[in-house]
Every structure is written in C-alpha cells, then in structure tokens.
$ cat protein12.cif   # mmCIF, C-alpha atoms
data_coords
#
loop_
_atom_site.group_PDB
_atom_site.id
_atom_site.type_symbol
_atom_site.label_atom_id
_atom_site.label_comp_id
_atom_site.auth_asym_id
_atom_site.auth_seq_id
_atom_site.Cartn_x
_atom_site.Cartn_y
_atom_site.Cartn_z
ATOM 1 C CA MET A 1 78.505 -7.582 -31.129
ATOM 2 C CA GLU A 2 78.851 -4.722 -33.588
ATOM 3 C CA ASN A 3 75.170 -3.837 -33.154
ATOM 4 C CA SER A 4 75.638 -3.310 -29.421
ATOM 5 C CA TYR A 5 78.622 -1.041 -30.134
ATOM 6 C CA ALA A 6 76.533 0.876 -32.657
ATOM 7 C CA ALA A 7 73.734 1.280 -30.116
ATOM 8 C CA VAL A 8 76.158 2.629 -27.505
ATOM 9 C CA ALA A 9 77.825 4.938 -30.049
ATOM 10 C CA SER A 10 74.467 6.366 -31.101
ATOM 11 C CA GLU A 11 73.809 7.417 -27.486
ATOM 12 C CA LYS A 12 77.085 9.377 -27.188
ATOM 13 C CA GLY A 13 77.441 13.065 -27.836
ATOM 14 C CA ASP A 14 79.604 14.476 -30.619
ATOM 15 C CA SER A 15 82.461 15.422 -28.285
ATOM 16 C CA GLN A 16 82.367 11.976 -26.633
ATOM 17 C CA LEU A 17 82.623 10.277 -30.012
ATOM 18 C CA LEU A 18 85.644 12.392 -30.951
ATOM 19 C CA GLU A 19 87.185 11.683 -27.548
ATOM 20 C CA ILE A 20 86.775 7.921 -28.057
ATOM 21 C CA LEU A 21 88.279 8.258 -31.503
ATOM 22 C CA GLY A 22 91.281 10.079 -30.010
ATOM 23 C CA GLU A 23 91.775 7.285 -27.446
ATOM 24 C CA ARG A 24 91.116 4.481 -29.938
ATOM 25 C CA ALA A 25 94.004 2.321 -28.699
ATOM 26 C CA ALA A 26 92.035 1.628 -25.512
ATOM 27 C CA TYR A 27 88.997 0.236 -27.382
ATOM 28 C CA GLU A 28 88.130 -2.812 -29.438
ATOM 29 C CA PRO A 29 88.360 -2.325 -33.229
ATOM 30 C CA GLU A 30 84.638 -3.104 -33.556
ATOM 31 C CA ALA A 31 83.813 -0.286 -31.124
ATOM 32 C CA ILE A 32 85.986 2.169 -33.058
ATOM 33 C CA LEU A 33 84.299 1.165 -36.319
ATOM 34 C CA ALA A 34 80.898 1.787 -34.708
ATOM 35 C CA VAL A 35 82.092 5.218 -33.528
ATOM 36 C CA ILE A 36 83.399 6.020 -37.029
ATOM 37 C CA ALA A 37 80.077 4.962 -38.564
ATOM 38 C CA GLU A 38 78.204 7.197 -36.122
ATOM 39 C CA ILE A 39 80.551 10.132 -36.844
ATOM 40 C CA GLU A 40 79.989 9.644 -40.588
ATOM 41 C CA ARG A 41 76.213 9.362 -40.074
ATOM 42 C CA ARG A 42 76.177 12.656 -38.156
ATOM 43 C CA ASN A 43 78.547 14.362 -40.630
ATOM 44 C CA ILE A 44 80.948 15.370 -37.840
ATOM 45 C CA ALA A 45 84.271 16.746 -39.055
ATOM 46 C CA ALA A 46 87.065 14.548 -37.704
ATOM 47 C CA PRO A 47 90.717 14.786 -38.716
ATOM 48 C CA ASP A 48 92.136 11.756 -40.578
ATOM 49 C CA LEU A 49 88.890 9.808 -40.244
ATOM 50 C CA GLU A 50 89.474 7.739 -43.382
ATOM 51 C CA GLN A 51 93.033 6.851 -42.308
ATOM 52 C CA ILE A 52 91.813 5.851 -38.827
ATOM 53 C CA LYS A 53 89.104 3.727 -40.440
ATOM 54 C CA GLN A 54 91.640 1.918 -42.643
ATOM 55 C CA GLU A 55 94.019 1.327 -39.700
ATOM 56 C CA THR A 56 91.159 -0.037 -37.607
ATOM 57 C CA LEU A 57 90.045 -2.368 -40.394
ATOM 58 C CA GLN A 58 93.622 -3.622 -40.747
ATOM 59 C CA ALA A 59 93.874 -4.183 -36.984
ATOM 60 C CA LEU A 60 90.605 -6.106 -37.062
ATOM 61 C CA GLU A 61 91.797 -8.219 -39.991
ATOM 62 C CA LEU A 62 95.119 -8.916 -38.243
ATOM 63 C CA ARG A 63 93.322 -10.000 -35.068
ATOM 64 C CA GLU A 64 91.023 -12.240 -37.121
ATOM 65 C CA LYS A 65 94.057 -13.920 -38.709
ATOM 66 C CA GLN A 66 95.607 -14.503 -35.291
ATOM 67 C CA VAL A 67 92.410 -16.029 -33.934
ATOM 68 C CA ASN A 68 91.677 -18.094 -37.054
ATOM 69 C CA PRO A 69 94.904 -18.547 -39.041
ATOM 70 C CA ASN A 70 93.300 -20.834 -41.660
ATOM 71 C CA PRO A 71 89.775 -19.506 -42.237
ATOM 72 C CA THR A 72 89.282 -21.031 -45.672
ATOM 73 C CA ALA A 73 88.033 -24.534 -46.189
ATOM 74 C CA PRO A 74 89.717 -26.771 -48.746
ATOM 75 C CA THR A 75 88.573 -25.759 -52.200
ATOM 76 C CA SER A 76 90.066 -28.215 -54.675
ATOM 77 C CA PHE A 77 89.136 -31.876 -54.836
ATOM 78 C CA THR A 78 92.700 -32.818 -53.887
ATOM 79 C CA ASP A 79 92.579 -30.598 -50.782
ATOM 80 C CA LYS A 80 89.234 -32.071 -49.790
ATOM 81 C CA LEU A 81 90.592 -35.581 -50.264
ATOM 82 C CA LYS A 82 93.655 -34.817 -48.123
ATOM 83 C CA ASP A 83 91.389 -33.338 -45.469
ATOM 84 C CA PHE A 84 89.227 -36.475 -45.541
ATOM 85 C CA TRP A 85 92.224 -38.815 -45.174
ATOM 86 C CA THR A 86 93.296 -37.084 -41.960
ATOM 87 C CA LEU A 87 90.316 -38.863 -40.377
ATOM 88 C CA PHE A 88 92.299 -42.115 -40.622
ATOM 89 C CA VAL A 89 95.604 -40.800 -39.236
ATOM 90 C CA PRO A 90 96.146 -40.843 -35.460
ATOM 91 C CA GLN A 91 97.036 -37.425 -34.091
ATOM 92 C CA ARG A 92 97.887 -36.024 -30.672
ATOM 93 C CA HIS A 93 94.343 -35.445 -29.368
ATOM 94 C CA TYR A 94 92.726 -37.851 -31.797
ATOM 95 C CA PHE A 95 94.612 -41.104 -31.428
ATOM 96 C CA VAL A 96 92.389 -44.091 -30.592
ATOM 97 C CA THR A 97 89.451 -43.380 -32.908
ATOM 98 C CA PRO A 98 91.449 -43.613 -36.178
ATOM 99 C CA ILE A 99 92.965 -46.884 -34.996
ATOM 100 C CA LEU A 100 89.495 -48.324 -34.325
ATOM 101 C CA ILE A 101 88.169 -47.057 -37.658
ATOM 102 C CA ASN A 102 91.146 -48.510 -39.533
ATOM 103 C CA THR A 103 90.845 -51.838 -37.708
ATOM 104 C CA ASN A 104 87.137 -52.093 -38.552
ATOM 105 C CA ILE A 105 87.807 -51.346 -42.207
ATOM 106 C CA LEU A 106 90.698 -53.831 -42.340
ATOM 107 C CA ILE A 107 88.641 -56.637 -40.776
ATOM 108 C CA PHE A 108 85.700 -55.877 -43.063
ATOM 109 C CA VAL A 109 87.929 -56.040 -46.152
ATOM 110 C CA LEU A 110 89.735 -59.192 -44.987
ATOM 111 C CA LEU A 111 86.475 -61.007 -44.285
ATOM 112 C CA ALA A 112 85.052 -59.888 -47.627
ATOM 113 C CA LEU A 113 88.197 -61.129 -49.402
ATOM 114 C CA ALA A 114 87.936 -64.414 -47.479
ATOM 115 C CA GLY A 115 84.546 -64.933 -49.068
ATOM 116 C CA MET A 116 82.118 -63.737 -46.387
ATOM 117 C CA HIS A 117 79.063 -62.097 -47.919
ATOM 118 C CA VAL A 118 79.199 -58.405 -46.943
ATOM 119 C CA LEU A 119 75.467 -57.705 -47.013
ATOM 120 C CA SER A 120 74.101 -60.856 -45.395
ATOM 121 C CA PRO A 121 76.795 -63.112 -43.979
ATOM 122 C CA GLU A 122 75.951 -66.527 -42.659
ATOM 123 C CA GLY A 123 75.761 -66.833 -38.870
ATOM 124 C CA GLU A 124 78.276 -69.669 -38.943
ATOM 125 C CA ASP A 125 80.758 -67.482 -40.836
ATOM 126 C CA LEU A 126 80.424 -64.736 -38.236
ATOM 127 C CA VAL A 127 80.924 -67.198 -35.384
ATOM 128 C CA ASN A 128 83.947 -68.710 -37.105
ATOM 129 C CA ALA A 129 85.384 -65.211 -37.540
ATOM 130 C CA GLY A 130 85.035 -64.471 -33.820
ATOM 131 C CA ALA A 131 81.538 -63.093 -33.315
ATOM 132 C CA ASN A 132 80.120 -63.166 -29.803
ATOM 133 C CA PHE A 133 78.133 -66.389 -29.448
ATOM 134 C CA GLY A 134 76.958 -66.996 -25.878
ATOM 135 C CA PRO A 135 77.677 -70.725 -25.578
ATOM 136 C CA TYR A 136 81.241 -70.272 -26.873
ATOM 137 C CA THR A 137 81.903 -67.093 -24.878
ATOM 138 C CA LEU A 138 80.710 -68.677 -21.622
ATOM 139 C CA THR A 139 82.654 -71.915 -22.152
ATOM 140 C CA GLY A 140 86.207 -70.623 -22.453
ATOM 141 C CA GLU A 141 86.305 -68.148 -25.333
ATOM 142 C CA PRO A 142 85.922 -64.741 -23.627
ATOM 143 C CA TRP A 143 88.041 -63.097 -26.349
ATOM 144 C CA ARG A 144 84.848 -63.131 -28.462
ATOM 145 C CA LEU A 145 83.607 -60.165 -26.410
ATOM 146 C CA PHE A 146 86.481 -58.122 -27.863
ATOM 147 C CA THR A 147 86.539 -59.488 -31.424
ATOM 148 C CA SER A 148 82.789 -59.079 -31.807
ATOM 149 C CA THR A 149 83.175 -55.310 -31.564
ATOM 150 C CA PHE A 150 84.674 -55.373 -35.053
ATOM 151 C CA PHE A 151 81.488 -56.807 -36.532
ATOM 152 C CA ALA A 152 79.516 -53.586 -35.939
ATOM 153 C CA HIS A 153 78.910 -53.101 -39.660
ATOM 154 C CA TRP A 154 76.893 -56.361 -39.677
ATOM 155 C CA HIS A 155 74.846 -55.396 -36.650
ATOM 156 C CA HIS A 156 71.350 -55.676 -38.136
ATOM 157 C CA THR A 157 71.749 -58.367 -40.736
ATOM 158 C CA PRO A 158 69.476 -61.426 -40.471
ATOM 159 C CA ALA A 159 72.514 -63.669 -39.929
ATOM 160 C CA ARG A 160 73.749 -61.527 -37.024
ATOM 161 C CA GLU A 161 70.336 -61.588 -35.383
ATOM 162 C CA HIS A 162 70.275 -65.356 -35.798
ATOM 163 C CA VAL A 163 73.665 -65.606 -34.055
ATOM 164 C CA CYS A 164 72.587 -63.263 -31.248
ATOM 165 C CA ALA A 165 69.343 -65.155 -30.749
ATOM 166 C CA GLY A 166 71.115 -68.534 -30.648
#
$ encode --input "protein12.cif" --output "structure tokens"
Amino acid sequence: MENSYAAVASEKGDSQLLEILGERAAYEPEAILAVIAEIERRNIAAPDLEQIKQETLQALELREKQVNPNPTAPTSFTDKLKDFWTLFVPQRHYFVTPILINTNILIFVLLALAGMHVLSPEGEDLVNAGANFGPYTLTGEPWRLFTSTFFAHWHHTPAREHVCAG
C-alpha cells in the first residue's frame, strides 16, 4: 500500500505536496509518510517536517495497536503452553470442537488403561467397546453409529479393518 502512495506522491508537484502536508488530517498516515519521503527526497523546505513525521508515525502506531491489540506471539515456554491449552477449553465461538477433542482423548486414555492395545487393538476389543459392527448395528444396537466416532484414532489399524470388513 505504501508503494502506491509513494508512486502517487512522486507524481505531485512541490506545491501540491506541501498542500497535502498542510491538510494531513484528511489523509491516511501512510500517505502522509509517502509525501514526507518525497519532500525529503526533493529537498523541499517544509516547516516542522520532522515533528509532522513523528506525529504521523505515532498516529500510525496507535492505529496499529487498535487494529491488532496483541501483535506479539507468546515467547516463553509457559506462554506457549497456556496458548496450546486453550485448544481444549470451550469458548464462545469455539465450543463443540474442544468437547469432541476432549471426549476422544478421554476415551482413548480409558481404553488404554482398560488394557486395549493402543497401536493395534483386537477387533473384538473394539466391538466390545462400542465400535460400529454391521450385524450388531443392524440388529438393535444403533448407538454404535455414535460411539464408533470416538475410535477415529484407530481408523487404519489391521484390527479396525478386520472389524469393518466383518
């Protein structure tokens, strides 16, 4: 954006540049900085040019803070860890996803603690835990369609493919 302002400023005459500088409140700070750079490049004498430049830079910085109040990313390990944990906390516009993530993790941990092998579980163990197995689902256990969604982390294990094929 600043390049386009610089290109426009370079096409203006000396008096037009000084006029824009005098009416700087009506222009974007980036445009004023481009005008100031052009005035400095042409060595045009302008009253209080350095003060105007500093005020414009401050206005630009203030606007940047209003648009992006927290521009810095977490820097310490503790800040990064806190930022990571917010993934698991439901928030106003991010409510269902953390609940699903937490439920998947909880079920994974519970099944692992119950003795199910986490890398290659037996098909029978998955079925007993509620995996979707066609004959059971079609003969009165439709809840398996819901519970099987929490076995996503075992999607491509040989045992899961055996269950799906059966």
$ closest_residue --input "protein12.cif" --among "A:Leu113, A:Ala6, A:Leu87, A:Ile36" --to "Glu19 in chain A" --atoms "all atoms listed in the file"
A:Ile36
$ resolve_selection --input "protein12.cif" --expression "the PyMOL selection byres ((chain A and resi 20) around 12)" --output "list in words"
Val8, Ala9, Lys12, Gly13, Asp14, Ser15, Gln16, Leu17, Leu18, Glu19, Leu21, Gly22, Glu23, Arg24, Ala25, Ala26, Tyr27, Glu28, Pro29, Ala31, Ile32, Leu33, Ala34, Val35, Ile36, Glu38, Ile39 and Ala46 of chain A
$ atom_distance --input "protein12.cif" --atom1 "CA of Gly130 in chain A" --atom2 "CA of Ser148 in chain A"
6.2 Å
$ atom_distance --input "protein12.cif" --atom1 "CA of Pro121 in chain A" --atom2 "CA of Phe151 in chain A"
10.8 Å
$ residues_around --input "protein12.cif" --residues "Thr97 in chain A" --least-positions-apart "4" --cutoff "9 Å" --atoms "all atoms listed in the file" --output "MDAnalysis selection string"
chainID A and resid 87:88 90 101:102
$ closest_residue --input "protein12.cif" --among "A:Thr75, A:Phe150, A:Leu60, A:Leu126" --to "Leu100 in chain A" --atoms "all atoms listed in the file"
A:Phe150
$ atom_distance --input "protein12.cif" --atom1 "CA of Leu81 in chain A" --atom2 "CA of Pro98 in chain A"
16.2 Å
$ closest_residue --input "protein12.cif" --among "A:Ala37, A:Gly123, A:Arg92, A:Trp85" --to "Leu49 in chain A" --atoms "all atoms listed in the file"
A:Ala37
$ closest_residue --input "protein12.cif" --among "A:Ser10, A:Thr139, A:Lys80, A:Ile105" --to "Glu40 in chain A" --atoms "only C-alpha atoms"
A:Ser10
$ closest_residue --input "protein12.cif" --among "A:Ser76, A:Asn104, A:Thr86, A:Thr149" --to "Ala131 in chain A" --atoms "only C-alpha atoms"
A:Thr149
$ build_atoms --input "protein12.cif" --residues "range 51-62 of chain A" --atoms "all heavy atoms" --output "PDB file, in the frame of the given file"
ATOM      1  N   GLN A  51      91.797   7.556 -42.679  1.00  0.00           N
ATOM      2  CA  GLN A  51      93.033   6.851 -42.308  1.00  0.00           C
ATOM      3  C   GLN A  51      92.801   6.010 -41.032  1.00  0.00           C
ATOM      4  O   GLN A  51      93.220   4.861 -40.957  1.00  0.00           O
ATOM      5  CB  GLN A  51      94.168   7.843 -42.079  1.00  0.00           C
ATOM      6  CG  GLN A  51      95.469   7.165 -41.695  1.00  0.00           C
ATOM      7  CD  GLN A  51      96.574   8.180 -41.397  1.00  0.00           C
ATOM      8  OE1 GLN A  51      96.418   9.368 -41.623  1.00  0.00           O
ATOM      9  NE2 GLN A  51      97.678   7.679 -40.901  1.00  0.00           N
ATOM     10  N   ILE A  52      92.120   6.577 -40.071  1.00  0.00           N
ATOM     11  CA  ILE A  52      91.813   5.851 -38.827  1.00  0.00           C
ATOM     12  C   ILE A  52      90.940   4.633 -39.146  1.00  0.00           C
ATOM     13  O   ILE A  52      91.143   3.546 -38.598  1.00  0.00           O
ATOM     14  CB  ILE A  52      91.129   6.781 -37.804  1.00  0.00           C
ATOM     15  CG1 ILE A  52      92.107   7.868 -37.354  1.00  0.00           C
ATOM     16  CG2 ILE A  52      90.604   6.008 -36.617  1.00  0.00           C
ATOM     17  CD1 ILE A  52      91.473   8.973 -36.541  1.00  0.00           C
ATOM     18  N   LYS A  53      89.991   4.832 -40.058  1.00  0.00           N
ATOM     19  CA  LYS A  53      89.104   3.727 -40.440  1.00  0.00           C
ATOM     20  C   LYS A  53      89.904   2.591 -41.079  1.00  0.00           C
ATOM     21  O   LYS A  53      89.709   1.417 -40.736  1.00  0.00           O
ATOM     22  CB  LYS A  53      88.034   4.244 -41.407  1.00  0.00           C
ATOM     23  CG  LYS A  53      86.999   3.227 -41.792  1.00  0.00           C
ATOM     24  CD  LYS A  53      85.936   3.865 -42.677  1.00  0.00           C
ATOM     25  CE  LYS A  53      84.825   2.914 -43.017  1.00  0.00           C
ATOM     26  NZ  LYS A  53      83.793   3.575 -43.848  1.00  0.00           N
ATOM     27  N   GLN A  54      90.823   2.939 -41.981  1.00  0.00           N
ATOM     28  CA  GLN A  54      91.640   1.918 -42.643  1.00  0.00           C
ATOM     29  C   GLN A  54      92.543   1.194 -41.637  1.00  0.00           C
ATOM     30  O   GLN A  54      92.685  -0.031 -41.675  1.00  0.00           O
ATOM     31  CB  GLN A  54      92.475   2.547 -43.770  1.00  0.00           C
ATOM     32  CG  GLN A  54      91.663   3.038 -44.946  1.00  0.00           C
ATOM     33  CD  GLN A  54      90.779   1.961 -45.544  1.00  0.00           C
ATOM     34  OE1 GLN A  54      91.185   0.803 -45.669  1.00  0.00           O
ATOM     35  NE2 GLN A  54      89.546   2.323 -45.891  1.00  0.00           N
ATOM     36  N   GLU A  55      93.151   1.937 -40.717  1.00  0.00           N
ATOM     37  CA  GLU A  55      94.019   1.327 -39.700  1.00  0.00           C
ATOM     38  C   GLU A  55      93.220   0.389 -38.800  1.00  0.00           C
ATOM     39  O   GLU A  55      93.687  -0.689 -38.435  1.00  0.00           O
ATOM     40  CB  GLU A  55      94.686   2.412 -38.850  1.00  0.00           C
ATOM     41  CG  GLU A  55      95.736   3.197 -39.575  1.00  0.00           C
ATOM     42  CD  GLU A  55      96.228   4.403 -38.778  1.00  0.00           C
ATOM     43  OE1 GLU A  55      95.733   4.633 -37.643  1.00  0.00           O
ATOM     44  OE2 GLU A  55      97.099   5.119 -39.294  1.00  0.00           O
ATOM     45  N   THR A  56      92.015   0.796 -38.463  1.00  0.00           N
ATOM     46  CA  THR A  56      91.159  -0.037 -37.607  1.00  0.00           C
ATOM     47  C   THR A  56      90.736  -1.307 -38.331  1.00  0.00           C
ATOM     48  O   THR A  56      90.735  -2.396 -37.747  1.00  0.00           O
ATOM     49  CB  THR A  56      89.922   0.752 -37.155  1.00  0.00           C
ATOM     50  OG1 THR A  56      90.341   1.978 -36.545  1.00  0.00           O
ATOM     51  CG2 THR A  56      89.087  -0.034 -36.168  1.00  0.00           C
ATOM     52  N   LEU A  57      90.399  -1.185 -39.611  1.00  0.00           N
ATOM     53  CA  LEU A  57      90.045  -2.368 -40.394  1.00  0.00           C
ATOM     54  C   LEU A  57      91.227  -3.330 -40.510  1.00  0.00           C
ATOM     55  O   LEU A  57      91.066  -4.553 -40.421  1.00  0.00           O
ATOM     56  CB  LEU A  57      89.549  -1.960 -41.782  1.00  0.00           C
ATOM     57  CG  LEU A  57      88.160  -1.323 -41.831  1.00  0.00           C
ATOM     58  CD1 LEU A  57      87.874  -0.747 -43.225  1.00  0.00           C
ATOM     59  CD2 LEU A  57      87.100  -2.341 -41.447  1.00  0.00           C
ATOM     60  N   GLN A  58      92.429  -2.768 -40.684  1.00  0.00           N
ATOM     61  CA  GLN A  58      93.622  -3.622 -40.747  1.00  0.00           C
ATOM     62  C   GLN A  58      93.878  -4.312 -39.406  1.00  0.00           C
ATOM     63  O   GLN A  58      94.234  -5.492 -39.361  1.00  0.00           O
ATOM     64  CB  GLN A  58      94.846  -2.792 -41.157  1.00  0.00           C
ATOM     65  CG  GLN A  58      94.841  -2.375 -42.610  1.00  0.00           C
ATOM     66  CD  GLN A  58      95.975  -1.422 -42.947  1.00  0.00           C
ATOM     67  OE1 GLN A  58      96.705  -0.966 -42.070  1.00  0.00           O
ATOM     68  NE2 GLN A  58      96.111  -1.128 -44.237  1.00  0.00           N
ATOM     69  N   ALA A  59      93.687  -3.596 -38.315  1.00  0.00           N
ATOM     70  CA  ALA A  59      93.874  -4.183 -36.984  1.00  0.00           C
ATOM     71  C   ALA A  59      92.860  -5.308 -36.749  1.00  0.00           C
ATOM     72  O   ALA A  59      93.199  -6.356 -36.192  1.00  0.00           O
ATOM     73  CB  ALA A  59      93.738  -3.116 -35.908  1.00  0.00           C
ATOM     74  N   LEU A  60      91.642  -5.087 -37.202  1.00  0.00           N
ATOM     75  CA  LEU A  60      90.605  -6.106 -37.062  1.00  0.00           C
ATOM     76  C   LEU A  60      90.943  -7.338 -37.903  1.00  0.00           C
ATOM     77  O   LEU A  60      90.811  -8.465 -37.444  1.00  0.00           O
ATOM     78  CB  LEU A  60      89.253  -5.522 -37.484  1.00  0.00           C
ATOM     79  CG  LEU A  60      88.032  -6.404 -37.273  1.00  0.00           C
ATOM     80  CD1 LEU A  60      87.836  -6.704 -35.791  1.00  0.00           C
ATOM     81  CD2 LEU A  60      86.804  -5.720 -37.831  1.00  0.00           C
ATOM     82  N   GLU A  61      91.407  -7.114 -39.113  1.00  0.00           N
ATOM     83  CA  GLU A  61      91.797  -8.219 -39.991  1.00  0.00           C
ATOM     84  C   GLU A  61      92.984  -8.990 -39.414  1.00  0.00           C
ATOM     85  O   GLU A  61      92.998 -10.221 -39.444  1.00  0.00           O
ATOM     86  CB  GLU A  61      92.145  -7.669 -41.379  1.00  0.00           C
ATOM     87  CG  GLU A  61      92.422  -8.727 -42.413  1.00  0.00           C
ATOM     88  CD  GLU A  61      92.703  -8.111 -43.769  1.00  0.00           C
ATOM     89  OE1 GLU A  61      91.986  -7.177 -44.168  1.00  0.00           O
ATOM     90  OE2 GLU A  61      93.645  -8.577 -44.424  1.00  0.00           O
ATOM     91  N   LEU A  62      93.960  -8.272 -38.853  1.00  0.00           N
ATOM     92  CA  LEU A  62      95.119  -8.916 -38.243  1.00  0.00           C
ATOM     93  C   LEU A  62      94.691  -9.768 -37.046  1.00  0.00           C
ATOM     94  O   LEU A  62      95.140 -10.910 -36.886  1.00  0.00           O
ATOM     95  CB  LEU A  62      96.142  -7.864 -37.805  1.00  0.00           C
ATOM     96  CG  LEU A  62      97.400  -8.384 -37.122  1.00  0.00           C
ATOM     97  CD1 LEU A  62      98.203  -9.263 -38.066  1.00  0.00           C
ATOM     98  CD2 LEU A  62      98.243  -7.219 -36.635  1.00  0.00           C
TER      99      LEU A  62
END
